[in-house]
file upload.cif (mmCIF, C-alpha atoms)
data_start
loop_
_atom_site.label_atom_id
_atom_site.label_comp_id
_atom_site.auth_asym_id
_atom_site.auth_seq_id
_atom_site.Cartn_x
_atom_site.Cartn_y
_atom_site.Cartn_z
CA MET A 170 24.11 34.56 86.23
CA ARG A 171 27.06 32.73 84.88
CA ARG A 172 24.75 30.52 82.92
CA PHE A 173 22.90 33.50 81.58
CA LEU A 174 26.14 35.06 80.50
CA PHE A 175 27.21 31.87 78.77
CA LEU A 176 23.90 31.71 76.91
CA ALA A 177 24.13 35.32 75.94
CA LEU A 178 27.64 34.83 74.64
CA GLY A 179 26.53 31.74 72.82
CA LEU A 180 23.68 33.56 71.15
CA ALA A 181 25.90 36.44 70.24
CA ALA A 182 28.52 34.11 68.83
CA ALA A 183 26.14 31.87 66.88
CA PRO A 184 25.65 33.98 63.76
CA ALA A 185 29.39 34.33 63.32
CA PHE A 186 29.99 30.58 62.89
CA ALA A 187 28.27 28.22 60.50
CA ALA A 188 27.39 24.76 61.74
CA ASP A 189 30.08 22.27 60.93
CA MET A 190 31.16 18.66 61.17
CA ASN A 191 34.46 17.18 62.14
CA LEU A 192 34.86 13.62 61.01
CA THR A 193 37.66 11.25 61.85
CA VAL A 194 37.97 8.08 59.82
CA GLU A 195 40.46 5.49 60.92
CA ILE A 196 41.93 3.10 58.39
CA PRO A 197 43.27 0.19 60.43
CA THR A 198 46.74 -1.23 60.04
CA LEU A 199 46.37 -4.74 58.72
CA LYS A 200 48.98 -7.44 58.79
CA VAL A 201 48.29 -9.15 55.51
CA ALA A 202 50.58 -10.58 52.87
CA GLU A 203 49.29 -8.34 50.10
CA TYR A 204 48.09 -4.94 51.22
CA HIS A 205 46.49 -2.29 49.06
CA ARG A 206 45.08 0.90 50.47
CA PRO A 207 41.30 0.68 50.63
CA TYR A 208 38.91 2.62 48.48
CA VAL A 209 36.76 4.68 50.86
CA ALA A 210 33.53 6.59 50.29
CA VAL A 211 31.87 8.92 52.80
CA TRP A 212 28.41 10.23 52.21
CA ILE A 213 25.22 11.41 53.91
CA GLU A 214 21.94 9.59 53.39
CA ARG A 215 18.42 10.78 53.96
CA GLU A 216 15.92 8.48 55.65
CA ASP A 217 14.82 7.12 52.27
CA HIS A 218 18.48 6.21 51.53
CA SER A 219 18.79 8.88 48.88
CA VAL A 220 22.12 10.66 49.02
CA ALA A 221 22.12 14.18 50.42
CA ALA A 222 25.86 14.75 49.99
CA ASN A 223 28.97 12.94 48.83
CA LEU A 224 31.70 13.98 51.24
CA ALA A 225 34.72 11.95 50.16
CA VAL A 226 35.74 9.26 47.69
CA TRP A 227 39.28 7.96 47.97
CA TYR A 228 40.36 5.83 45.06
CA ASP A 229 43.29 5.16 42.82
CA VAL A 230 42.98 8.35 40.78
CA LYS A 231 46.30 8.01 38.99
CA LYS A 232 46.00 4.50 37.64
CA ALA A 233 46.05 4.48 33.85
CA ASP A 234 43.36 3.25 31.45
CA GLY A 235 40.46 3.64 33.84
CA GLU A 236 41.89 0.90 36.07
CA GLY A 237 41.26 3.25 39.00
CA THR A 238 37.53 3.59 38.40
CA LYS A 239 37.25 -0.13 37.60
CA TRP A 240 37.01 -1.01 41.29
CA LEU A 241 34.73 1.83 42.42
CA LYS A 242 31.80 -0.58 42.22
CA ASP A 243 33.34 -2.61 45.03
CA MET A 244 32.08 0.08 47.39
CA ARG A 245 28.82 -1.44 46.43
CA GLN A 246 26.40 0.56 48.60
CA TRP A 247 27.95 3.84 47.59
CA TRP A 248 28.04 2.70 43.99
CA ARG A 249 24.35 1.85 44.01
CA ARG A 250 23.16 4.88 45.93
CA SER A 251 25.32 7.51 44.29
CA GLY A 252 28.57 6.45 42.64
CA ARG A 253 27.06 5.11 39.46
CA GLU A 254 25.48 8.49 38.79
CA GLN A 255 28.72 10.40 39.20
CA THR A 256 31.37 11.36 36.72
CA MET A 257 34.76 10.76 38.27
CA PRO A 258 36.69 12.59 39.56
CA ILE A 259 34.23 14.60 41.67
CA ASP A 260 35.58 18.08 42.28
CA GLY A 261 36.25 18.75 45.95
CA VAL A 262 35.17 15.24 46.92
CA SER A 263 37.36 12.59 45.33
CA GLY A 264 41.03 12.14 45.97
CA ALA A 265 43.79 9.60 46.26
CA THR A 266 43.65 6.59 48.56
CA ARG A 267 45.04 7.15 52.03
CA PRO A 268 47.34 5.11 54.24
CA ALA A 269 46.45 3.43 57.52
CA GLY A 270 45.88 5.92 60.30
CA GLN A 271 43.39 8.54 61.38
CA HIS A 272 42.13 10.98 58.81
CA GLN A 273 40.45 14.20 59.81
CA LEU A 274 37.83 15.77 57.60
CA HIS A 275 36.03 19.05 58.13
CA PHE A 276 32.76 20.06 56.54
CA VAL A 277 30.96 23.37 56.85
CA ASP A 278 27.25 24.05 56.49
CA GLY A 279 26.45 25.86 53.29
CA LYS A 280 29.76 25.04 51.65
CA PRO A 281 30.55 22.19 49.29
CA PRO A 282 30.74 19.29 49.55
CA LEU A 283 28.31 19.34 52.51
CA GLY A 284 26.11 22.07 51.09
CA THR A 285 22.92 22.97 52.91
CA LEU A 286 21.13 20.09 54.58
CA ALA A 287 17.42 20.49 55.19
CA PRO A 288 16.56 19.92 58.87
CA GLY A 289 15.96 16.23 59.44
CA HIS A 290 17.29 12.82 60.32
CA TYR A 291 20.33 11.56 58.42
CA GLU A 292 22.96 8.86 58.40
CA LEU A 293 26.61 9.39 57.73
CA VAL A 294 27.97 6.35 55.90
CA VAL A 295 31.59 5.33 55.57
CA GLU A 296 32.29 2.41 53.24
CA ALA A 297 35.67 0.85 52.60
CA ALA A 298 36.63 -1.80 50.03
CA ARG A 299 40.12 -3.17 49.72
CA GLU A 300 41.63 -4.97 46.74
CA VAL A 301 42.08 -8.67 47.61
CA GLY A 302 40.67 -7.76 51.01
CA GLY A 303 37.28 -7.14 52.53
CA ARG A 304 34.55 -4.56 52.42
CA GLU A 305 32.78 -2.85 55.29
CA ALA A 306 30.30 -0.04 55.80
CA GLN A 307 29.58 1.80 59.05
CA ARG A 308 26.73 4.20 59.72
CA ILE A 309 26.26 7.02 62.20
CA ALA A 310 22.74 8.39 62.58
CA PHE A 311 22.42 12.09 63.36
CA ASP A 312 19.90 14.90 63.41
CA TRP A 313 20.55 18.14 61.58
CA PRO A 314 20.93 20.81 62.75
CA VAL A 315 22.03 20.26 66.35
CA LYS A 316 21.24 22.62 69.23
CA ALA A 317 24.29 21.58 71.21
CA PRO A 318 27.57 20.03 70.09
CA ALA A 319 27.10 16.33 69.46
CA HIS A 320 29.78 13.68 69.64
CA LEU A 321 28.86 10.52 67.78
CA SER A 322 30.88 7.49 66.85
CA ALA A 323 30.94 4.05 65.29
CA LYS A 324 33.54 1.34 65.34
CA GLY A 325 34.46 -0.76 62.36
CA SER A 326 35.50 -4.35 62.78
CA GLU A 327 37.62 -5.23 59.76
CA GLU A 328 38.27 -2.63 57.12
CA LEU A 329 37.44 0.41 59.22
CA GLY A 330 38.60 1.49 62.66
CA GLN A 331 37.15 4.15 64.92
CA ILE A 332 34.89 6.66 63.23
CA SER A 333 33.90 9.76 65.11
CA LEU A 334 31.61 12.55 64.08
CA ASP A 335 31.46 15.84 65.95
CA ILE A 336 28.66 18.13 64.92
CA ASN A 337 28.61 21.73 66.05
CA PRO A 338 25.59 23.98 65.95
CA MET B 63 27.62 -34.96 14.23
CA LYS B 64 28.59 -32.53 16.91
CA HIS B 65 26.21 -30.00 15.47
CA THR B 66 23.38 -32.49 15.53
CA LEU B 67 24.07 -33.33 19.15
CA VAL B 68 24.13 -29.71 20.07
CA ARG B 69 20.86 -29.18 18.32
CA ALA B 70 19.40 -32.13 20.15
CA ALA B 71 20.53 -30.65 23.43
CA LEU B 72 19.15 -27.27 22.52
CA CYS B 73 15.92 -28.92 21.64
CA ALA B 74 15.79 -30.79 24.90
CA ALA B 75 16.34 -27.55 26.71
CA LEU B 76 13.45 -26.06 24.80
CA VAL B 77 11.00 -28.91 24.74
CA LEU B 78 11.32 -30.03 28.33
CA PRO B 79 11.07 -26.82 30.28
CA PHE B 80 8.52 -28.25 32.66
CA ALA B 81 10.57 -31.24 33.65
CA ALA B 82 12.22 -30.65 36.99
CA GLN B 83 15.60 -31.97 35.92
CA ALA B 84 15.61 -30.52 32.41
CA HIS B 85 18.85 -29.22 31.03
CA LYS B 86 19.16 -25.55 31.62
CA MET B 87 20.48 -23.09 29.11
CA TRP B 88 22.22 -20.01 30.43
CA MET B 89 24.73 -17.28 30.06
CA VAL B 90 26.79 -16.01 32.97
CA PRO B 91 28.80 -12.80 32.74
CA SER B 92 31.97 -12.32 34.77
CA ALA B 93 30.45 -9.13 36.20
CA THR B 94 27.04 -7.51 35.94
CA VAL B 95 27.87 -4.17 37.55
CA VAL B 96 30.92 -2.36 36.23
CA SER B 97 32.27 1.09 36.93
CA SER B 98 34.76 1.87 34.19
CA ASP B 99 34.38 2.96 30.56
CA ASP B 100 37.28 0.64 29.78
CA ALA B 101 35.80 -2.41 31.48
CA TRP B 102 35.18 -5.67 29.66
CA VAL B 103 33.15 -8.63 30.75
CA THR B 104 33.60 -12.21 29.67
CA VAL B 105 30.55 -14.41 29.30
CA ASP B 106 30.07 -18.18 29.46
CA ALA B 107 27.16 -19.75 27.59
CA ALA B 108 26.15 -23.35 28.06
CA ILE B 109 23.46 -25.94 28.52
CA SER B 110 23.90 -27.87 31.74
CA ASN B 111 22.21 -29.72 34.54
CA ASP B 112 23.93 -27.94 37.38
CA LEU B 113 23.90 -24.17 37.70
CA TYR B 114 26.30 -22.72 36.74
CA TYR B 115 28.69 -25.46 35.75
CA PRO B 116 29.17 -26.29 32.09
CA ASP B 117 28.65 -30.06 32.15
CA HIS B 118 26.70 -30.90 29.03
CA PHE B 119 26.80 -28.82 25.82
CA PRO B 120 27.98 -25.41 24.73
CA ALA B 121 25.41 -22.83 23.66
CA GLN B 122 25.48 -21.84 20.01
CA LEU B 123 26.85 -18.35 19.59
CA ASP B 124 25.28 -17.84 16.17
CA GLN B 125 22.10 -17.09 18.15
CA LEU B 126 23.77 -14.30 20.05
CA ALA B 127 22.13 -10.87 19.97
CA ILE B 128 23.83 -8.21 22.07
CA THR B 129 22.18 -4.81 22.40
CA ALA B 130 24.05 -1.79 23.75
CA PRO B 131 22.38 0.90 25.89
CA ASP B 132 21.96 3.11 22.80
CA GLY B 133 19.98 0.33 21.10
CA SER B 134 22.71 -0.61 18.64
CA THR B 135 23.72 -4.22 18.02
CA VAL B 136 27.16 -5.17 19.25
CA LYS B 137 29.34 -8.06 18.11
CA PRO B 138 31.06 -10.26 20.70
CA GLU B 139 34.86 -10.33 20.88
CA ASN B 140 36.90 -13.54 20.94
CA PRO B 141 33.93 -15.90 20.55
CA TRP B 142 34.84 -19.52 21.15
CA THR B 143 32.94 -22.75 21.44
CA GLY B 144 34.45 -25.64 23.33
CA LYS B 145 33.30 -29.03 24.45
CA TYR B 146 31.03 -27.91 27.28
CA ARG B 147 30.72 -24.19 26.95
CA SER B 148 30.97 -21.26 24.63
CA ALA B 149 32.55 -18.03 25.74
CA PHE B 150 33.00 -14.53 24.44
CA ASP B 151 34.24 -11.16 25.61
CA LEU B 152 32.34 -7.90 25.56
CA PRO B 153 33.71 -4.41 26.07
CA VAL B 154 31.09 -2.18 27.73
CA PRO B 155 32.08 1.41 26.91
CA GLN B 156 28.55 2.85 27.03
CA LYS B 157 26.86 3.92 30.23
CA GLY B 158 23.69 1.96 30.85
CA THR B 159 22.46 -1.60 30.51
CA TYR B 160 23.56 -4.10 27.86
CA ARG B 161 21.20 -6.91 26.95
CA ILE B 162 22.97 -10.13 26.02
CA ALA B 163 20.60 -12.65 24.47
CA LEU B 164 20.63 -16.03 22.80
CA VAL B 165 17.56 -16.00 20.60
CA ASN B 166 16.48 -19.27 19.08
CA GLN B 167 13.60 -19.83 16.74
CA GLY B 168 12.92 -23.05 14.97
CA LEU B 169 10.68 -25.98 14.28
CA PHE B 170 10.42 -29.33 15.91
CA ALA B 171 8.72 -32.22 14.17
CA SER B 172 7.92 -35.79 15.01
CA TYR B 173 6.84 -38.25 12.35
CA GLU B 174 6.79 -41.91 11.41
CA VAL B 175 8.45 -43.67 8.51
CA ASP B 176 7.72 -47.37 8.04
CA GLY B 177 6.31 -47.49 11.55
CA GLN B 178 9.45 -45.99 13.09
CA LYS B 179 9.24 -42.80 15.10
CA LYS B 180 11.56 -40.03 13.99
CA ARG B 181 12.30 -36.52 15.13
CA TRP B 182 13.51 -33.53 13.24
CA ARG B 183 14.44 -30.00 14.19
CA GLY B 184 15.46 -27.12 12.02
CA LYS B 185 14.47 -23.82 10.52
CA ALA B 186 11.11 -23.16 8.87
CA ASP B 187 12.59 -23.06 5.35
CA GLU B 188 14.20 -26.47 5.88
CA LEU B 189 10.97 -28.22 6.81
CA LYS B 190 10.03 -29.40 3.31
CA THR B 191 13.41 -30.95 2.63
CA GLY B 192 13.92 -32.11 6.20
CA ILE B 193 11.04 -34.56 6.41
CA PRO B 194 10.73 -37.44 3.93
CA ALA B 195 7.77 -37.32 1.56
CA ASN B 196 6.49 -40.68 2.82
CA ALA B 197 6.40 -39.55 6.46
CA LYS B 198 3.20 -40.19 8.37
CA ASN B 199 1.69 -38.64 11.48
CA VAL B 200 3.78 -35.52 11.00
CA GLN B 201 3.41 -33.19 13.96
CA VAL B 202 5.20 -29.89 13.78
CA SER B 203 5.61 -27.38 16.54
CA GLU B 204 7.30 -24.04 16.62
CA MET B 205 9.82 -23.15 19.29
CA ALA B 206 10.95 -19.74 20.36
CA SER B 207 13.36 -19.27 23.20
CA ARG B 208 15.24 -16.34 24.59
CA VAL B 209 18.08 -16.74 27.08
CA GLU B 210 19.40 -13.52 28.50
CA THR B 211 21.68 -11.82 30.92
CA PHE B 212 22.45 -8.18 31.61
CA VAL B 213 25.49 -6.05 32.27
CA THR B 214 25.42 -2.41 33.35
CA GLN B 215 28.18 0.13 33.23
CA GLY B 216 27.35 3.12 35.44
CA LYS B 217 23.67 3.73 36.05
CA PRO B 218 21.15 1.15 34.80
CA GLY B 219 19.08 2.31 31.85
CA GLY B 220 19.07 2.92 28.13
CA SER B 221 17.04 1.37 25.35
CA ALA B 222 18.52 -2.14 25.13
CA LEU B 223 15.66 -3.64 27.12
CA LYS B 224 12.99 -2.29 24.82
CA PRO B 225 10.90 -5.34 23.94
CA THR B 226 11.05 -6.64 20.37
CA GLY B 227 7.40 -7.72 20.52
CA LYS B 228 8.27 -11.30 19.57
CA GLY B 229 7.99 -14.29 21.85
CA LEU B 230 8.41 -14.24 25.62
CA GLU B 231 10.33 -11.25 26.91
CA LEU B 232 11.22 -9.66 30.21
CA VAL B 233 10.51 -6.01 30.91
CA PRO B 234 12.13 -4.53 33.99
CA VAL B 235 10.14 -2.87 36.75
CA THR B 236 13.24 -3.23 38.91
CA GLN B 237 16.36 -2.85 36.77
CA PRO B 238 17.92 -6.31 36.29
CA ASN B 239 21.32 -5.00 37.42
CA ASP B 240 19.95 -3.32 40.53
CA LEU B 241 19.08 -6.40 42.55
CA VAL B 242 20.00 -6.73 46.19
CA SER B 243 19.35 -9.59 48.61
CA GLY B 244 16.27 -9.13 50.77
CA GLU B 245 14.73 -6.46 48.53
CA LYS B 246 11.78 -7.21 46.31
CA ALA B 247 12.56 -7.27 42.60
CA ALA B 248 9.68 -6.87 40.16
CA PHE B 249 9.44 -7.60 36.44
CA GLN B 250 6.91 -8.04 33.69
CA LEU B 251 6.69 -10.81 31.14
CA LEU B 252 5.39 -10.05 27.67
CA LEU B 253 4.18 -12.53 25.09
CA ASP B 254 4.41 -11.03 21.61
CA GLY B 255 4.53 -7.62 23.26
CA LYS B 256 1.41 -8.12 25.39
CA PRO B 257 1.28 -8.91 29.12
CA ALA B 258 1.78 -12.64 29.68
CA ALA B 259 -0.72 -13.33 32.44
CA ASN B 260 -0.86 -16.35 34.70
CA LEU B 261 2.50 -17.85 33.76
CA LYS B 262 4.57 -19.78 36.26
CA VAL B 263 8.01 -18.29 36.82
CA VAL B 264 10.75 -20.16 38.64
CA ALA B 265 14.00 -18.94 40.12
CA ILE B 266 16.90 -21.16 41.12
CA ALA B 267 20.05 -19.91 42.79
CA GLY B 268 23.37 -20.98 41.29
CA ALA B 269 25.94 -23.22 42.98
CA THR B 270 23.47 -26.12 42.92
CA ARG B 271 26.42 -28.52 43.20
CA TYR B 272 26.92 -27.54 46.80
CA ARG B 273 23.46 -28.35 48.08
CA ASP B 274 21.09 -31.28 48.01
CA ALA B 275 17.97 -29.66 46.60
CA GLN B 276 17.23 -27.29 43.74
CA ASP B 277 15.51 -24.97 46.24
CA GLU B 278 13.37 -23.63 43.45
CA MET B 279 11.33 -20.52 44.15
CA ASP B 280 8.22 -20.01 42.08
CA THR B 281 5.54 -17.46 41.48
CA THR B 282 2.87 -16.68 38.90
CA THR B 283 2.48 -13.60 36.74
CA ASP B 284 -0.57 -11.46 37.46
CA ALA B 285 -3.08 -10.11 34.92
CA ASP B 286 -0.51 -7.51 33.81
CA GLY B 287 2.19 -10.15 33.39
CA LYS B 288 3.94 -8.82 36.46
CA PHE B 289 5.82 -10.95 38.96
CA GLY B 290 8.39 -10.50 41.65
CA PHE B 291 10.90 -12.28 43.80
CA THR B 292 12.58 -11.32 47.03
CA PHE B 293 15.89 -13.06 46.54
CA PRO B 294 16.97 -14.33 49.95
CA LYS B 295 20.70 -14.43 49.29
CA ALA B 296 23.24 -12.80 47.02
CA GLY B 297 24.25 -14.83 43.99
CA MET B 298 23.39 -15.68 40.43
CA TYR B 299 19.77 -16.72 39.85
CA TRP B 300 18.37 -18.64 36.91
CA VAL B 301 14.89 -17.30 36.21
CA ASN B 302 12.72 -19.16 33.75
CA ALA B 303 9.18 -19.16 32.37
CA SER B 304 7.54 -21.07 29.54
CA ALA B 305 4.32 -20.83 27.60
CA GLU B 306 2.46 -22.71 24.90
CA ASP B 307 -0.07 -21.47 22.40
CA THR B 308 -1.29 -22.03 18.87
CA LYS B 309 -0.15 -18.73 17.36
CA THR B 310 2.28 -20.24 14.91
CA SER B 311 3.84 -18.46 11.97
CA THR B 312 4.45 -21.66 10.01
CA LYS B 313 1.22 -23.14 8.73
CA GLU B 314 2.38 -26.74 9.23
CA ALA B 315 2.94 -26.06 12.92
CA LYS B 316 -0.06 -26.50 15.20
CA GLN B 317 1.59 -25.51 18.42
CA ARG B 318 4.09 -22.94 19.60
CA ARG B 319 6.35 -23.45 22.61
CA LEU B 320 8.02 -20.45 24.11
CA SER B 321 10.51 -19.99 26.86
CA TYR B 322 12.31 -17.16 28.54
CA THR B 323 15.37 -17.50 30.74
CA ALA B 324 17.48 -14.90 32.45
CA THR B 325 20.55 -15.08 34.63
CA LEU B 326 20.20 -12.33 37.22
CA GLU B 327 22.87 -11.38 39.68
CA VAL B 328 21.75 -10.41 43.17
CA LEU B 329 24.35 -8.50 45.16
CA PRO B 330 24.69 -8.39 48.94
CA GLN B 331 23.23 -5.45 50.85
#
call {"tool": "encode", "arguments": {"input": "upload.cif", "output": "structure tokens"}}
result
Amino acid sequence: MRRFLFLALGLAAAPAFAADMNLTVEIPTLKVAEYHRPYVAVWIEREDHSVAANLAVWYDVKKADGEGTKWLKDMRQWWRRSGREQTMPIDGVSGATRPAGQHQLHFVDGKPPLGTLAPGHYELVVEAAREVGGREAQRIAFDWPVKAPAHLSAKGSEELGQISLDINP
Amino acid sequence: MKHTLVRAALCAALVLPFAAQAHKMWMVPSATVVSSDDAWVTVDAAISNDLYYPDHFPAQLDQLAITAPDGSTVKPENPWTGKYRSAFDLPVPQKGTYRIALVNQGLFASYEVDGQKKRWRGKADELKTGIPANAKNVQVSEMASRVETFVTQGKPGGSALKPTGKGLELVPVTQPNDLVSGEKAAFQLLLDGKPAANLKVVAIAGATRYRDAQDEMDTTTDADGKFGFTFPKAGMYWVNASAEDTKTSTKEAKQRRLSYTATLEVLPQ
């Protein structure tokens, strides 16, 4: 009975909320002599590696004379799959670099920058490249849409920390 | 004197393409993939034994032909020729692929005077004055070489790689600035604008100084002139093919020797 009620409530509630994603990206604190905040790109890839959505690009937007875009190519997977076809800045996607710590991002089905994903298998990719530092990409595979809330995660080793992706139906 | 030596080196690079230890002519850009309208690249051009260390002769920049993505010809900035290498800068404001080429066309002759063997190289219009009237056993061959590299700002593309229809040329199937280790890269070779079938193509990774063997990869073009490599590691690769035929444009020349060389950068996954 209780279960039935829960289901019924769930069904009743479903149309009121669009599916969404909560993403946490951790930029690790690094003890290095010369530290620059990393450039970070977050995007969603289809199974053929084509890009379904650019979710975030953090780079040095304020640097003069195009010096900020000069290093975008260092996020080399993002650059090859999507970045080189973009005109920077990307409205609602790109922004300034962020400090070490956890960064929460929220994306809603049907709204930019996520837009509407066709049902299927995808990978969320987070790529970080740091001036005079390293470069790392982490991937989280997921199916869209989900029937039940899904908690997925990946752990970076150098330039990225914990990445968690919560998908709600 | 210096000029003569350089020409001799150029000639050696052209004439001896089949020899395993032949001098290699190349250009290496400081970057092949750039992401800013304001970006510049700087390019080294040399003839050397080791890849890519200038250890022999500088390349001659008067042969330089740079084509921008819109098809226009671009002049190099700050060109300089030193003892072992030439260098120049290139701003890359246009989106697309720039073709940077050293195009050399000339004649090579061997002859005898008073029983002594002599060699001469020069341009077609210098042939008559270049070889003494009493020369015997004059053998003239034509040489055409193209040494290239590519730089792309933004997305690869544009019209710079449109073939000229002269000599040996590379046509991309895979864009030359879209190469990644472990992925197959495919190209086509044209000879005077037509598929160059059944030609051997070699690829040698740079940094030869730090290993014992050349580790040459080779393949052969198919009937359509197509060939491919799956580059095992990221790095700069020297890709070279040569051909010989009798389609000369100078009547004194019986033979034509052609070569094509590209420096291709392969990026990590």
call {"tool": "resolve_selection", "arguments": {"input": "upload.cif", "expression": "the PyMOL selection byres ((chain A) within 9 of (chain B))", "output": "number ranges by chain"}}
result
A: 234-243, 245-246, 248-249, 252-255
call {"tool": "resolve_selection", "arguments": {"input": "upload.cif", "expression": "the PyMOL selection byres ((chain A and resi 319-331) around 12)", "output": "NGL selection string"}}
result
:A and (188-200 or 204-210 or 244 or 269-273 or 292-318 or 332-338)
call {"tool": "atom_distance", "arguments": {"input": "upload.cif", "atom1": "atom CA of B:Leu113", "atom2": "atom CA of B:Trp300"}}
result
7.9 Å
call {"tool": "atom_distance", "arguments": {"input": "upload.cif", "atom1": "atom CA of B:Glu204", "atom2": "atom CA of B:Leu189"}}
result
11.3 Å
call {"tool": "residues_around", "arguments": {"input": "upload.cif", "residues": "B:Glu327", "least_positions_apart": "3", "cutoff": "12 Å", "atoms": "all atoms listed in the file", "output": "number ranges by chain"}}
result
B: 89-95, 210-214, 237-243, 247, 265-268, 293, 295-301, 324, 330
call {"tool": "resolve_selection", "arguments": {"input": "upload.cif", "expression": "the PyMOL selection byres ((chain B and resi 292) around 7)", "output": "VMD selection string"}}
result
chain B and resid 244 to 247 290 to 291 293 to 294
call {"tool": "atom_distance", "arguments": {"input": "upload.cif", "atom1": "atom CA of A:Leu283", "atom2": "atom CA of A:Ser219"}}
result
14.6 Å
call {"tool": "residues_around", "arguments": {"input": "upload.cif", "residues": "B:Thr312", "least_positions_apart": "6", "cutoff": "12 Å", "atoms": "only C-alpha atoms", "output": "count of residues only"}}
result
15
call {"tool": "residues_around", "arguments": {"input": "upload.cif", "residues": "B:Thr308", "least_positions_apart": "2", "cutoff": "10 Å", "atoms": "all atoms listed in the file", "output": "number ranges by chain"}}
result
B: 203-204, 306, 310-311, 315-319
